[in-house]
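The data block below is final17.cif; it holds mmCIF, C-alpha atoms.
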data_work
#
loop_
_atom_site.label_atom_id
_atom_site.label_comp_id
_atom_site.auth_asym_id
_atom_site.auth_seq_id
_atom_site.Cartn_x
_atom_site.Cartn_y
_atom_site.Cartn_z
CA MET V 1 -10.84 -14.51 22.69
CA ASN V 2 -14.42 -15.61 23.21
CA PRO V 3 -15.85 -16.19 19.67
CA ARG V 4 -19.12 -14.50 20.69
CA LYS V 5 -17.27 -11.37 21.75
CA LEU V 6 -15.22 -11.43 18.56
CA ARG V 7 -18.41 -11.67 16.48
CA LEU V 8 -19.94 -8.79 18.45
CA ILE V 9 -16.84 -6.60 17.92
CA THR V 10 -16.78 -7.46 14.20
CA ALA V 11 -20.48 -6.65 13.88
CA ILE V 12 -20.03 -3.28 15.64
CA ILE V 13 -17.08 -2.40 13.39
CA CYS V 14 -19.04 -3.39 10.25
CA LEU V 15 -22.00 -1.31 11.43
CA ILE V 16 -19.85 1.78 12.03
CA VAL V 17 -18.01 1.37 8.71
CA SER V 18 -21.17 0.87 6.67
CA GLY V 19 -22.87 3.74 8.54
CA SER V 20 -19.95 6.01 7.66
CA MET V 21 -20.07 4.93 4.03
CA ILE V 22 -23.83 5.39 3.69
CA SER V 23 -23.66 8.79 5.37
CA ALA V 24 -20.75 9.79 3.15
CA ALA V 25 -22.43 8.60 -0.03
CA SER V 26 -25.68 10.36 0.75
CA LEU V 27 -24.05 13.78 1.07
CA GLY V 28 -23.06 16.07 -1.76
CA ASP V 29 -24.86 16.18 -5.08
CA GLY V 30 -22.69 18.27 -7.37
CA LEU V 31 -24.89 21.30 -6.76
CA TRP V 32 -22.40 22.59 -4.27
CA ILE V 33 -22.90 26.18 -5.27
CA SER V 34 -26.52 26.17 -4.10
CA ARG V 35 -25.41 24.96 -0.68
CA VAL V 36 -22.97 27.73 0.09
CA PRO V 37 -24.26 29.64 3.13
CA GLU V 38 -25.01 33.31 2.50
CA LYS V 39 -22.34 34.53 4.89
CA ASP V 40 -19.71 32.57 2.95
CA ARG V 41 -21.07 33.54 -0.47
CA THR V 42 -20.61 37.24 0.21
CA ARG V 43 -17.13 37.07 1.71
CA GLN V 44 -14.64 39.42 0.12
CA ASN V 45 -11.27 38.17 -1.10
CA PRO V 46 -8.62 39.97 0.99
CA PHE V 47 -6.05 39.21 -1.74
CA ALA V 48 -8.11 40.52 -4.66
CA ASP V 49 -6.10 43.75 -4.97
CA ARG V 50 -2.69 42.34 -4.21
CA PRO V 51 -0.61 42.41 -7.40
CA ASP V 52 1.44 39.31 -6.52
CA ALA V 53 -1.54 37.16 -5.45
CA PRO V 54 -2.30 35.64 -8.91
CA ALA V 55 1.34 34.53 -9.30
CA ALA V 56 1.39 33.03 -5.80
CA GLY V 57 -1.97 31.39 -6.49
CA ALA V 58 -0.60 29.97 -9.75
CA ARG V 59 2.26 28.37 -7.84
CA LEU V 60 -0.13 26.87 -5.31
CA PHE V 61 -2.40 25.69 -8.10
CA SER V 62 0.52 24.00 -9.82
CA GLN V 63 1.52 22.21 -6.59
CA ASN V 64 -1.93 21.15 -5.42
CA CYS V 65 -4.53 21.30 -8.18
CA ALA V 66 -2.82 20.86 -11.56
CA SER V 67 -2.53 17.08 -11.30
CA CYS V 68 -6.33 16.83 -11.55
CA HIS V 69 -7.39 20.02 -13.31
CA GLY V 70 -4.44 20.30 -15.72
CA ASP V 71 -1.52 22.70 -15.82
CA ASN V 72 -3.65 25.41 -17.43
CA ALA V 73 -6.81 24.61 -15.47
CA THR V 74 -8.42 23.31 -18.65
CA GLY V 75 -9.36 19.99 -17.05
CA LYS V 76 -7.93 16.51 -17.31
CA GLY V 77 -9.69 13.17 -17.74
CA ASN V 78 -12.89 13.27 -15.69
CA HIS V 79 -11.80 16.37 -13.83
CA PRO V 80 -13.51 19.55 -15.00
CA SER V 81 -11.99 22.62 -16.59
CA LEU V 82 -11.89 25.60 -14.27
CA ARG V 83 -12.08 28.01 -17.19
CA SER V 84 -15.82 27.55 -17.15
CA GLU V 85 -18.96 29.59 -16.81
CA ARG V 86 -19.62 28.12 -13.38
CA VAL V 87 -16.25 29.30 -12.03
CA ARG V 88 -16.54 32.63 -13.88
CA SER V 89 -19.91 33.40 -12.32
CA ALA V 90 -19.04 32.10 -8.84
CA THR V 91 -18.25 34.71 -6.21
CA PRO V 92 -14.82 34.58 -4.54
CA GLY V 93 -16.60 33.53 -1.34
CA GLU V 94 -18.23 30.57 -3.10
CA LEU V 95 -14.88 29.40 -4.49
CA GLN V 96 -13.26 29.76 -1.06
CA TRP V 97 -16.11 27.69 0.42
CA LEU V 98 -15.58 24.98 -2.21
CA LEU V 99 -11.84 24.82 -1.55
CA THR V 100 -12.47 24.62 2.19
CA ASN V 101 -15.22 22.00 2.13
CA GLY V 102 -14.68 20.20 -1.15
CA SER V 103 -17.48 18.48 -3.02
CA MET V 104 -16.78 15.03 -1.77
CA LYS V 105 -19.37 13.04 -3.66
CA ASN V 106 -17.94 14.44 -6.88
CA GLY V 107 -14.36 13.58 -5.94
CA MET V 108 -13.27 17.09 -5.02
CA PRO V 109 -11.43 16.86 -1.70
CA SER V 110 -11.35 19.50 0.99
CA TRP V 111 -8.25 21.68 0.85
CA SER V 112 -8.55 22.85 4.43
CA LYS V 113 -5.03 21.55 4.96
CA LEU V 114 -3.86 24.69 3.16
CA PRO V 115 -4.06 27.86 5.26
CA GLU V 116 -7.04 30.09 4.46
CA GLN V 117 -4.75 32.79 3.06
CA GLN V 118 -3.34 30.34 0.50
CA ARG V 119 -6.84 29.27 -0.51
CA TRP V 120 -7.66 32.95 -1.16
CA GLN V 121 -4.51 33.18 -3.30
CA ILE V 122 -5.76 30.23 -5.38
CA VAL V 123 -9.17 31.92 -5.71
CA THR V 124 -7.39 35.07 -6.95
CA TYR V 125 -5.55 32.99 -9.55
CA LEU V 126 -8.75 31.26 -10.71
CA LYS V 127 -10.51 34.60 -11.08
CA SER V 128 -7.55 35.96 -13.07
CA LEU V 129 -8.01 33.15 -15.61
CA GLN V 130 -11.54 34.14 -16.55
CA MET X 1 21.90 -9.05 0.31
CA ASN X 2 25.01 -7.15 1.33
CA ALA X 3 25.16 -3.52 2.45
CA SER X 4 26.23 -2.05 -0.91
CA THR X 5 23.46 -3.89 -2.78
CA ARG X 6 20.92 -2.59 -0.26
CA LEU X 7 22.26 0.95 -0.66
CA ALA X 8 22.10 0.67 -4.46
CA ALA X 9 18.49 -0.58 -4.24
CA VAL X 10 17.51 2.35 -2.01
CA LEU X 11 19.21 4.86 -4.36
CA ILE X 12 17.52 3.36 -7.44
CA GLY X 13 14.17 3.56 -5.62
CA LEU X 14 14.70 7.22 -4.71
CA VAL X 15 15.76 8.15 -8.26
CA ALA X 16 12.71 6.32 -9.65
CA LEU X 17 10.43 8.26 -7.30
CA LEU X 18 12.01 11.61 -8.12
CA ALA X 19 11.70 10.87 -11.82
CA TRP X 20 7.99 10.07 -11.53
CA PRO X 21 6.19 12.75 -13.53
CA GLU X 22 3.02 13.21 -11.48
CA ARG X 23 3.95 14.13 -7.99
CA SER X 24 3.03 16.60 -5.33
CA ARG X 25 3.85 17.33 -1.78
CA ALA X 26 2.73 15.16 1.08
CA GLN X 27 0.97 16.82 3.97
CA GLU X 28 1.96 14.82 7.01
CA ASN X 29 3.02 16.93 9.96
CA TYR X 30 3.01 14.38 12.77
CA PHE X 31 4.42 10.93 13.43
CA VAL X 32 1.90 9.51 15.90
CA THR X 33 -1.15 11.76 15.70
CA TYR X 34 -3.62 11.62 12.83
CA THR X 35 -5.57 14.58 11.52
CA HIS X 36 -8.80 14.70 9.51
CA HIS X 37 -6.89 15.39 6.31
CA MET X 38 -7.43 12.44 4.00
CA GLU X 39 -5.36 11.36 1.01
CA GLU X 40 -6.69 12.84 -2.21
CA PRO X 41 -8.62 10.23 -4.24
CA GLY X 42 -6.42 8.28 -6.62
CA THR X 43 -3.22 9.50 -4.97
CA LEU X 44 -0.65 7.09 -3.58
CA GLU X 45 1.64 8.32 -0.86
CA VAL X 46 4.79 6.32 -0.25
CA SER X 47 6.52 7.11 2.98
CA ASN X 48 8.94 5.86 5.53
CA LYS X 49 8.70 6.58 9.23
CA SER X 50 11.59 5.55 11.43
CA VAL X 51 12.33 5.81 15.11
CA THR X 52 15.66 5.34 16.75
CA GLY X 53 16.45 5.03 20.44
CA PHE X 54 19.50 4.58 22.60
CA PRO X 55 18.29 2.88 25.78
CA LYS X 56 20.74 2.82 28.70
CA ASP X 57 20.04 -0.79 29.60
CA GLY X 58 19.76 -2.18 26.09
CA SER X 59 21.00 -1.99 22.53
CA SER X 60 20.31 0.95 20.27
CA PHE X 61 17.68 0.27 17.63
CA ILE X 62 15.96 1.62 14.54
CA GLY X 63 12.33 0.70 13.99
CA SER X 64 11.05 1.48 10.55
CA SER X 65 7.69 1.45 8.79
CA MET X 66 7.15 1.71 5.10
CA GLU X 67 3.71 3.09 4.37
CA LEU X 68 1.62 2.90 1.24
CA GLU X 69 -1.34 5.24 1.65
CA TYR X 70 -4.03 5.46 -0.99
CA GLY X 71 -6.98 7.78 -1.32
CA VAL X 72 -9.86 5.46 -2.24
CA LYS X 73 -12.48 8.21 -2.00
CA THR X 74 -12.44 11.74 -0.69
CA TRP X 75 -13.79 10.35 2.60
CA TRP X 76 -11.92 7.03 2.69
CA THR X 77 -8.18 6.44 2.94
CA SER X 78 -6.54 3.03 3.06
CA GLU X 79 -3.03 2.31 4.22
CA LEU X 80 -0.65 -0.63 4.36
CA TYR X 81 2.37 -0.61 6.66
CA LEU X 82 5.34 -2.94 6.42
CA ASP X 83 7.41 -2.88 9.60
CA GLY X 84 11.01 -3.82 10.25
CA GLN X 85 13.70 -3.15 12.81
CA THR X 86 17.41 -3.25 13.35
CA THR X 87 18.84 -3.73 16.82
CA PHE X 88 22.56 -3.01 16.91
CA GLY X 89 24.62 -6.06 17.76
CA GLU X 90 21.70 -8.25 16.76
CA ASN X 91 20.09 -8.47 13.34
CA THR X 92 17.70 -6.77 10.96
CA THR X 93 14.28 -8.31 10.71
CA PHE X 94 10.84 -7.89 9.17
CA THR X 95 8.39 -7.55 12.02
CA GLY X 96 4.98 -7.61 10.41
CA TRP X 97 2.29 -5.63 8.64
CA ARG X 98 -0.69 -3.46 9.41
CA PHE X 99 -3.70 -2.53 7.32
CA GLU X 100 -5.75 0.48 8.24
CA ASN X 101 -8.74 2.37 6.93
CA ARG X 102 -9.87 5.85 7.86
CA PHE X 103 -13.37 7.17 7.23
CA ARG X 104 -14.55 10.73 7.45
CA PRO X 105 -18.28 10.63 8.28
CA LEU X 106 -18.94 14.38 8.04
CA LEU X 107 -18.06 15.60 4.61
CA ARG X 108 -17.87 19.30 5.26
CA GLU X 109 -15.37 21.23 7.27
CA HIS X 110 -16.57 21.72 10.84
CA TRP X 111 -15.15 23.25 13.95
CA ILE X 112 -14.18 19.74 15.03
CA ASN X 113 -13.88 17.07 12.32
CA PRO X 114 -14.18 13.43 13.37
CA VAL X 115 -12.53 10.54 11.55
CA LEU X 116 -13.03 6.86 12.37
CA TYR X 117 -9.96 4.65 12.16
CA PHE X 118 -9.81 0.85 11.99
CA GLU X 119 -6.62 -1.17 11.85
CA PHE X 120 -5.63 -4.81 11.85
CA GLU X 121 -2.07 -5.64 12.81
CA ASP X 122 -0.20 -8.89 12.30
CA ILE X 123 3.15 -8.16 13.90
CA ASN X 124 5.60 -10.17 15.94
CA GLY X 125 7.17 -9.68 19.34
CA ALA X 126 10.27 -8.00 17.88
CA ASN X 127 8.35 -5.01 16.50
CA LYS X 128 9.91 -1.68 17.45
CA SER X 129 8.14 0.74 15.14
CA LEU X 130 6.41 2.57 18.04
CA LEU X 131 3.66 3.96 15.84
CA GLU X 132 1.55 4.45 18.93
CA VAL X 133 1.84 4.02 22.69
CA VAL X 134 -1.02 2.22 24.45
CA GLY X 135 -1.81 0.43 27.69
CA HIS X 136 1.22 -0.06 29.92
CA ASP X 137 3.77 0.08 27.08
CA GLY X 138 7.06 1.12 28.60
CA ILE X 139 10.82 0.83 28.44
CA GLU X 140 10.98 -2.48 30.37
CA ASP X 141 8.53 -4.17 28.06
CA PHE X 142 10.26 -2.64 25.03
CA LEU X 143 13.76 -3.89 25.87
CA SER X 144 12.50 -7.46 25.89
CA ARG X 145 11.07 -7.19 22.36
CA ALA X 146 13.17 -9.69 20.45
CA GLU X 147 11.01 -12.76 20.00
CA ARG X 148 10.00 -13.07 16.37
CA SER X 149 8.04 -16.24 17.01
CA GLU X 150 5.64 -14.38 19.32
CA LYS X 151 2.68 -13.37 17.15
CA GLU X 152 0.58 -10.34 17.95
CA ARG X 153 -2.66 -10.06 16.05
CA GLU X 154 -4.40 -6.92 17.13
CA VAL X 155 -7.26 -4.66 16.20
CA GLU X 156 -6.94 -0.97 16.83
CA LEU X 157 -9.68 1.63 16.81
CA LYS X 158 -9.13 5.36 16.92
CA LEU X 159 -11.40 8.31 17.20
CA ILE X 160 -9.60 11.15 15.47
CA LEU X 161 -10.76 14.71 16.13
CA SER X 162 -9.09 17.51 14.26
CA SER X 163 -9.59 21.24 13.70
CA ASN X 164 -8.03 24.00 11.66
CA ALA X 165 -8.08 27.53 13.03
CA LYS X 166 -6.08 30.58 12.02
CA GLY X 167 -3.46 28.50 10.24
CA TRP X 168 -3.08 26.07 13.14
CA ASN X 169 -4.03 22.42 13.09
CA PHE X 170 -5.13 20.83 16.36
CA ALA X 171 -5.62 17.07 16.51
CA GLU X 172 -6.69 14.69 19.26
CA ASN X 173 -6.66 10.90 18.94
CA PHE X 174 -8.25 8.43 21.34
CA ILE X 175 -6.90 4.91 20.86
CA ALA X 176 -8.30 1.50 21.83
CA GLU X 177 -6.27 -1.58 20.96
CA LYS X 178 -6.99 -5.25 21.55
CA ASN X 179 -4.70 -8.21 21.16
CA LEU X 180 -6.99 -10.94 19.86
CA ALA X 181 -5.21 -13.54 22.02
CA ASN X 182 -7.58 -12.96 24.93
CA GLU X 183 -5.90 -9.85 26.31
CA PRO X 184 -7.77 -6.82 27.60
CA TRP X 185 -8.46 -3.64 25.64
CA GLU X 186 -5.63 -1.14 26.01
CA PHE X 187 -6.02 2.60 25.66
CA GLY X 188 -3.87 5.50 24.60
CA TYR X 189 -3.99 9.07 23.43
CA ALA X 190 -2.14 11.47 21.15
CA VAL X 191 -2.65 15.21 20.83
CA ALA X 192 -0.83 17.59 18.55
CA ALA X 193 -0.72 21.10 17.14
CA SER X 194 1.21 22.53 14.21
CA ARG X 195 1.39 25.58 12.00
CA PRO X 196 3.28 26.53 8.83
CA LEU X 197 5.93 29.20 9.36
CA SER X 198 4.13 31.40 6.85
CA LEU X 199 0.43 31.30 6.02
CA VAL X 200 0.89 33.20 2.76
CA ALA X 201 2.67 31.77 -0.29
CA GLY X 202 5.25 33.87 -2.10
CA ALA X 203 4.91 34.73 -5.76
CA LYS X 204 8.34 33.40 -6.68
CA ALA X 205 9.27 29.74 -6.61
CA CYS X 206 11.73 28.92 -3.86
CA THR X 207 12.71 25.78 -2.05
CA PHE X 208 13.44 27.22 1.37
CA CYS X 209 10.46 29.60 1.63
CA ARG X 210 8.92 29.83 5.08
CA GLU X 211 5.61 28.41 3.84
CA ASN X 212 7.39 25.11 3.12
CA PHE X 213 8.21 24.57 6.79
CA SER X 214 5.80 23.58 9.56
CA LEU X 215 6.52 23.47 13.26
CA GLY X 216 4.47 21.70 15.87
CA ALA X 217 4.44 19.41 18.86
CA GLU X 218 2.93 16.07 19.81
CA LEU X 219 2.07 14.66 23.21
CA TYR X 220 1.24 10.96 23.37
CA GLY X 221 1.13 8.06 25.76
CA GLY X 222 -0.71 5.12 27.27
CA LEU X 223 -3.84 5.15 29.40
CA GLY X 224 -3.69 1.65 30.86
CA ASP X 225 -6.12 -1.09 30.07
CA ARG X 226 -9.64 -2.20 30.79
CA TYR X 227 -8.75 -3.34 34.30
CA SER X 228 -6.39 -0.51 35.24
CA PHE X 229 -7.37 2.59 33.32
CA GLY X 230 -5.34 5.71 34.04
CA PHE X 231 -1.81 7.02 34.11
CA SER X 232 -0.35 4.52 36.56
CA ASN X 233 2.58 2.54 35.10
CA THR X 234 2.24 4.11 31.66
CA SER X 235 4.69 6.00 29.45
CA HIS X 236 4.33 9.45 27.89
CA TYR X 237 6.27 11.53 25.40
CA LEU X 238 6.48 15.15 24.33
CA ALA X 239 7.87 15.71 20.85
CA PRO X 240 8.40 18.85 18.81
CA THR X 241 7.94 18.24 15.08
CA VAL X 242 9.48 19.91 12.05
CA SER X 243 8.29 19.34 8.47
CA PHE X 244 9.95 20.55 5.32
CA ARG X 245 8.12 20.20 2.03
CA VAL X 246 10.21 20.42 -1.09
CA PRO X 247 7.98 22.03 -3.74
CA GLN X 248 6.88 19.31 -6.19
CA GLY X 249 9.01 16.88 -4.20
CA PRO X 250 9.17 14.87 -1.01
CA THR X 251 8.36 15.97 2.52
CA PHE X 252 10.91 15.46 5.27
CA ASN X 253 9.93 15.22 8.92
CA VAL X 254 11.95 15.03 12.08
CA SER X 255 10.83 14.84 15.69
CA PRO X 256 13.01 14.43 18.78
CA SER X 257 10.84 12.91 21.53
CA ALA X 258 11.48 13.26 25.22
CA GLY X 259 10.14 10.67 27.65
CA LEU X 260 8.15 12.31 30.44
CA ASN X 261 8.42 9.70 33.18
CA HIS X 262 10.62 6.86 34.40
CA ASN X 263 8.64 4.32 32.41
CA SER X 264 9.39 6.04 29.08
CA HIS X 265 12.42 5.95 26.81
CA GLY X 266 14.58 8.92 27.75
CA PHE X 267 14.96 10.04 24.17
CA LEU X 268 13.62 8.89 20.80
CA LEU X 269 14.43 10.44 17.46
CA ARG X 270 11.79 10.05 14.77
CA PHE X 271 12.48 10.88 11.16
CA GLY X 272 10.64 10.27 7.94
CA VAL X 273 10.20 11.07 4.30
CA SER X 274 7.02 10.92 2.26
CA TYR X 275 6.19 11.34 -1.35
CA GLU X 276 2.89 11.60 -3.19
CA ILE X 277 2.21 10.16 -6.62
CA ASN X 278 -0.86 11.91 -7.98
CA GLN X 279 -3.57 10.12 -9.90
CA PHE X 280 -1.71 6.84 -9.48
CA ALA X 281 -4.65 4.66 -10.54
CA SER X 282 -5.31 6.68 -13.71
CA MET X 283 -1.68 6.45 -14.69
CA LEU X 284 -1.68 2.69 -14.29
CA ARG X 285 -4.81 2.45 -16.43
CA ARG X 286 -3.20 4.60 -19.16
CA LYS X 287 -0.08 2.39 -19.17
#

In structure tokens, write the structure found in this file.
Amino acid sequence: MNPRKLRLITAIICLIVSGSMISAASLGDGLWISRVPEKDRTRQNPFADRPDAPAAGARLFSQNCASCHGDNATGKGNHPSLRSERVRSATPGELQWLLTNGSMKNGMPSWSKLPEQQRWQIVTYLKSLQ
Amino acid sequence: MNASTRLAAVLIGLVALLAWPERSRAQENYFVTYTHHMEEPGTLEVSNKSVTGFPKDGSSFIGSSMELEYGVKTWWTSELYLDGQTTFGENTTFTGWRFENRFRPLLREHWINPVLYFEFEDINGANKSLLEVVGHDGIEDFLSRAERSEKEREVELKLILSSNAKGWNFAENFIAEKNLANEPWEFGYAVAASRPLSLVAGAKACTFCRENFSLGAELYGGLGDRYSFGFSNTSHYLAPTVSFRVPQGPTFNVSPSAGLNHNSHGFLLRFGVSYEINQFASMLRRK
């Protein structure tokens, strides 16, 4: 391969990678709750009145969240407790938004790989802890 | 190493993985297509993806890739592949390695979520892992893959677009690959959709609950190269996919692929198992 072309390709790749990193690092500031759009904030939890939803949410929490937040959601290492004032005062819609989008700068990944219904079940479980 | 020693090593490895205290389910649904779902930070996923084929004019084979996927950041996943193959009547051989990185530039969930993918491959001419189909890859070219001394150093770029809607995942990959030995850019595509059998989790723990199964389908193939872009003389496959996630355990995947034209393998069977070790880096630091 022509060394000039190779250098050009390498430079383009580096540019795209560093652009992605800078863009990623500049987003998210831990104040996720203030960024939740109003229409998401006021969403109602369709599982709130289902008697089996907290137990199902607990199972999902154990499978997906407990490794970071602890088996009892009391936190682990640098990962915060979810038995906190912030979670207590958050609306179900805000928690659903956080699970969907994550708070990537703070290390919280998006859980959009779980179906929305399962995310609502986790929200129901978190609210039952408070 | 004889066959019984190899079997013992595999069994010891599996027992060691199952005994690992911090584990969770892996989320892979597809074999060829990537989605925007990244590995959770600090999590190591160990997986094996294999493909077996029974070509009419050649020997049956198994191509296998061992993958080590690590979540560096929420928006950055790194992965190392070690490839090998067995061709029946011939021998078993290591066929090279690949190193890839995936970056998610938009950090919130959107209608369409892009991911940028960069890979460097150092594989040899005997590689049969079929992790993607590009250019004019086809059955003729595949049957002649036996030459270990032939080196293929390639870069591969992918634009991954992926969406979640009403429990479905839809993913589209556009692939550009270049052999650094002065060969033209080759192109390919992969599209896929999948959905869990149940969107709601049950309250009671069960292994064979519907929410632990996902069904889907992949369509993938080559798009020629820089000088002959298009469908002419390319190969294409349609493959249903089934995933089964054992709660707190491994994920099993299987996908029978049907070749869609004369240039494709008639039938390929893909199968794999993956396993996540949560907070791998923290555990190493503690030990």

Close residues, segment 206-217 of chain X itself excluded, 9 Å, all atoms listed in the file, min 5 positions apart in chain, as an NGL selection string: :X and (29-30 or 169 or 191-201 or 238-247 or 255)

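Of the listed residues (X:Ser282, X:Ser60, X:Ser257, X:Asn182), X:Asn182 comes nearest to chain V; the distances count all atoms listed in the file.
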
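Picked by the PyMOL selection byres ((chain V and resi 93) around 10) from the coordinates shown: Val36, Pro37, Glu38, Lys39, Asp40, Arg41, Thr42, Arg43, Gln44, Asn45, Ala90, Thr91, Pro92, Glu94, Leu95, Gln96, Trp97, Leu98, Leu99, Trp120 and Val123 of chain V.
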
Test item: chain X residues at most 9 Å from chain V, counting all atoms listed in the file, as a PyMOL selection string: chain X and resi 22-25+27+37-41+73-76+103-110+116+118+164-169+179-183+195-196+199-205+247-248+278-279+282

Those same residues - C-alpha atoms - I'd like them written as a short mmCIF file (atom, residue, chain, number, x, y, z; two decimals), keeping the file's coordinate frame.
data_model
loop_
_atom_site.label_atom_id
_atom_site.label_comp_id
_atom_site.auth_asym_id
_atom_site.auth_seq_id
_atom_site.Cartn_x
_atom_site.Cartn_y
_atom_site.Cartn_z
CA GLU X 22 3.02 13.21 -11.48
CA ARG X 23 3.95 14.13 -7.99
CA SER X 24 3.03 16.60 -5.33
CA ARG X 25 3.85 17.33 -1.78
CA GLN X 27 0.97 16.82 3.97
CA HIS X 37 -6.89 15.39 6.31
CA MET X 38 -7.43 12.44 4.00
CA GLU X 39 -5.36 11.36 1.01
CA GLU X 40 -6.69 12.84 -2.21
CA PRO X 41 -8.62 10.23 -4.24
CA LYS X 73 -12.48 8.21 -2.00
CA THR X 74 -12.44 11.74 -0.69
CA TRP X 75 -13.79 10.35 2.60
CA TRP X 76 -11.92 7.03 2.69
CA PHE X 103 -13.37 7.17 7.23
CA ARG X 104 -14.55 10.73 7.45
CA PRO X 105 -18.28 10.63 8.28
CA LEU X 106 -18.94 14.38 8.04
CA LEU X 107 -18.06 15.60 4.61
CA ARG X 108 -17.87 19.30 5.26
CA GLU X 109 -15.37 21.23 7.27
CA HIS X 110 -16.57 21.72 10.84
CA LEU X 116 -13.03 6.86 12.37
CA PHE X 118 -9.81 0.85 11.99
CA ASN X 164 -8.03 24.00 11.66
CA ALA X 165 -8.08 27.53 13.03
CA LYS X 166 -6.08 30.58 12.02
CA GLY X 167 -3.46 28.50 10.24
CA TRP X 168 -3.08 26.07 13.14
CA ASN X 169 -4.03 22.42 13.09
CA ASN X 179 -4.70 -8.21 21.16
CA LEU X 180 -6.99 -10.94 19.86
CA ALA X 181 -5.21 -13.54 22.02
CA ASN X 182 -7.58 -12.96 24.93
CA GLU X 183 -5.90 -9.85 26.31
CA ARG X 195 1.39 25.58 12.00
CA PRO X 196 3.28 26.53 8.83
CA LEU X 199 0.43 31.30 6.02
CA VAL X 200 0.89 33.20 2.76
CA ALA X 201 2.67 31.77 -0.29
CA GLY X 202 5.25 33.87 -2.10
CA ALA X 203 4.91 34.73 -5.76
CA LYS X 204 8.34 33.40 -6.68
CA ALA X 205 9.27 29.74 -6.61
CA PRO X 247 7.98 22.03 -3.74
CA GLN X 248 6.88 19.31 -6.19
CA ASN X 278 -0.86 11.91 -7.98
CA GLN X 279 -3.57 10.12 -9.90
CA SER X 282 -5.31 6.68 -13.71
#

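The spacing separating atom CA of Phe271 of chain X from atom CA of Thr251 of chain X amounts to 10.8 Å.
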
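For the choices X:Phe88, X:Phe252, X:Phe170, X:Phe120, the atom-to-atom distance to Phe54 of chain X is smallest for X:Phe88 when using only C-alpha atoms.
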
Ground truth for the PyMOL selection byres ((chain X and resi 220) around 8), written as an NGL selection string: :X and (32 or 132-133 or 188-191 or 218-219 or 221-222 or 236-238)

Target residues per the PyMOL selection byres ((chain X and resi 80) around 10), formatted as a PyMOL selection string: chain X and resi 46+65-70+78-79+81-83+97-101+119-121

Among the residues V:Arg7, V:Arg35, V:Arg50, V:Lys76, the one that comes closest to Tyr125 of chain V [using all atoms listed in the file]: V:Arg50

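Going from atom CA of Phe229 of chain X to atom CA of Lys49 of chain X covers 29.2 Å.
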
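Between Lys151 of chain X and the candidates X:Ala171, X:Trp111, X:Gly96, X:Asn48, the tightest atom-to-atom separation, counting only C-alpha atoms, involves X:Gly96.
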
Report as a PDB file with C-alpha atoms, in the frame of the given file all protein, DNA and RNA residues lying within 12 Å of Arg226 of chain X, evaluated on all atoms listed in the file, omitting residues in the same chain fewer than 5 positions from it.
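Writing the result to out-v4.pdb gives the following:
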ATOM      1  CA  VAL X 134      -1.020   2.220  24.450  1.00  0.00           C
ATOM      2  CA  GLY X 135      -1.810   0.430  27.690  1.00  0.00           C
ATOM      3  CA  HIS X 136       1.220  -0.060  29.920  1.00  0.00           C
ATOM      4  CA  ALA X 176      -8.300   1.500  21.830  1.00  0.00           C
ATOM      5  CA  GLU X 177      -6.270  -1.580  20.960  1.00  0.00           C
ATOM      6  CA  LYS X 178      -6.990  -5.250  21.550  1.00  0.00           C
ATOM      7  CA  GLU X 183      -5.900  -9.850  26.310  1.00  0.00           C
ATOM      8  CA  PRO X 184      -7.770  -6.820  27.600  1.00  0.00           C
ATOM      9  CA  TRP X 185      -8.460  -3.640  25.640  1.00  0.00           C
ATOM     10  CA  GLU X 186      -5.630  -1.140  26.010  1.00  0.00           C
ATOM     11  CA  PHE X 187      -6.020   2.600  25.660  1.00  0.00           C
ATOM     12  CA  GLY X 188      -3.870   5.500  24.600  1.00  0.00           C
TER      13      GLY X 188
END

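Reported to one decimal place, the separation of atom CA of Asn113 of chain X from atom CA of Ser163 of chain X is 6.1 Å.
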
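Minimum distance to Asp141 of chain X across X:Lys128, X:Arg270, X:Arg153, X:His36 (counting only C-alpha atoms) occurs at X:Lys128.
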